[in-house]
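Shown next, in structure tokens, is the structure this report addresses.
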Amino acid sequence: MSDLGPAIGIRLRGEPENSAEAPVLLLHGVGDDSGCWGAAVHALPSRTLVALDAPGHGRTLLDEATEIIPEAQAADATRVLTLLAASGPVDLVGHSMGASAATLVAARHPHLIRRLVLEDPPWVHQDPARSQEDRAQQVADLTGWSTQYRELSDQEALAKAHREEPGWPEEEYLPWVEAKRACDPAVYTGLRFGLPGDWRTQVARLTVPTLLVTGNPRRGSLVTEEVAAEAVRLCPVMRVSRHLRAGHTPRREDRDGWVSAVVAFLGRGSI
């Protein structure tokens with residue numbers, strides 16, 4: 001993993017060259033980082049896990065020229081996948097923004113991917129008529145929320161996380177708080193974390209077996225039943241795992257369900 005050029009924040013568990021099973025590359029969502037994959041660590045104890053920090057997150061710096069973060073995240077992931085896939089295709093898992101990046105990678109480089117898991121990607125209608133004032137307010141809200149975590153004490157920040165997201169596995173809270181504190185506020189400027197173009201175009205190009213993991217829209221899931229059905233029509237190799245007790249992050253809000261679905265889909269991962 002030393003031939004990556006510009007620095008990318010990477011967390012590695014295991015050594016790909018020493019494993020008989022396909023490695024798993026993990027791409028997080030906006031505001032998270034590579035430390036926010038407790039569910040995958042729990043679910044896949046025998047697999048080599050490689051998690052990347054997206055630009056502006058964790059230890060990866062945000063280049064001022066980066067306009068669409070998932071594009072940069074996808075480029076970083078492709079460089080890492082090219083190394084990891086020397087012995088065979090890799091399993092790719094992405095959440096939210098990371099699912100957008102994972103979709104781009106799998107659509108463009110299917111030979112590198114064995115199986116693809118997309119956790120609640122932002123497949124929502126983008127209203128071009130939305131006012132500049134509305135967008136500015138959303139940026140201000142997100143930036144302020146992130147700033148609060150940096151300004152609070154450790155104890156206060158953890159208490160805030162518990163209040164905002166009750167019921168998660170306890171081990172999820174500290175990495176989540178640390179990720180919020182490490183995130184560059186410029187990530188939120190211009191809302192640069194959406195999938196470039198229409199998500200339907202990218203999904204229709206997918207040819208690798210894909211699992212779409214979603215939650216309940218009433219609890220904050222971005223993917224509705226109608227959108228999931230449309231995605232399956234566009235991509236016949238896609239199957240859906242819906243978790244009604246969960247919102248935007250099923251792996252935290254319904255860990256047992258997420259683990260069961262992902263383990264069953266990825267199987268033993270032999271290559």
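Each chain in the structure tokens gets a letter, A, B and so on, in the order shown; residues start at 1 in every chain, and ligands are counted from 1 in the order they appear.
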(request) Write out as JSON, numbers by chain each polymer residue whose atoms come within 12 Å of stretch 141-156 of chain A, counting only C-alpha atoms; drop sequence neighbours fewer than 4 positions from it. (result) {"A": [30, 31, 32, 57, 134, 135, 136, 137, 160, 161, 162, 163, 164, 173, 174, 175, 176, 177, 178, 179, 180, 181, 182, 183, 184, 185, 186, 187, 188, 189, 190, 191]}
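Contact shell of A:Ser100 at 8 Å (only C-alpha atoms; same-chain neighbours under 6 positions omitted): A:Pro70, A:Gly94, A:Pro121, A:Pro122, A:Gly194, A:Leu195.
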(request) Considering only C-alpha atoms, return as an NGL selection string whatever protein or nucleic-acid residues lie within 9 Å of A:Thr210, sequence-local ones (same chain, fewer than 2 positions apart) excluded. (result) :A and (115-118 or 206-208 or 212 or 235 or 237-240 or 265)
(request) May I ask which of the residues A:Gly197, A:Gly215, A:Arg233, A:Thr224 is the closest one to A:Gly257, counting only C-alpha atoms? (result) A:Gly215
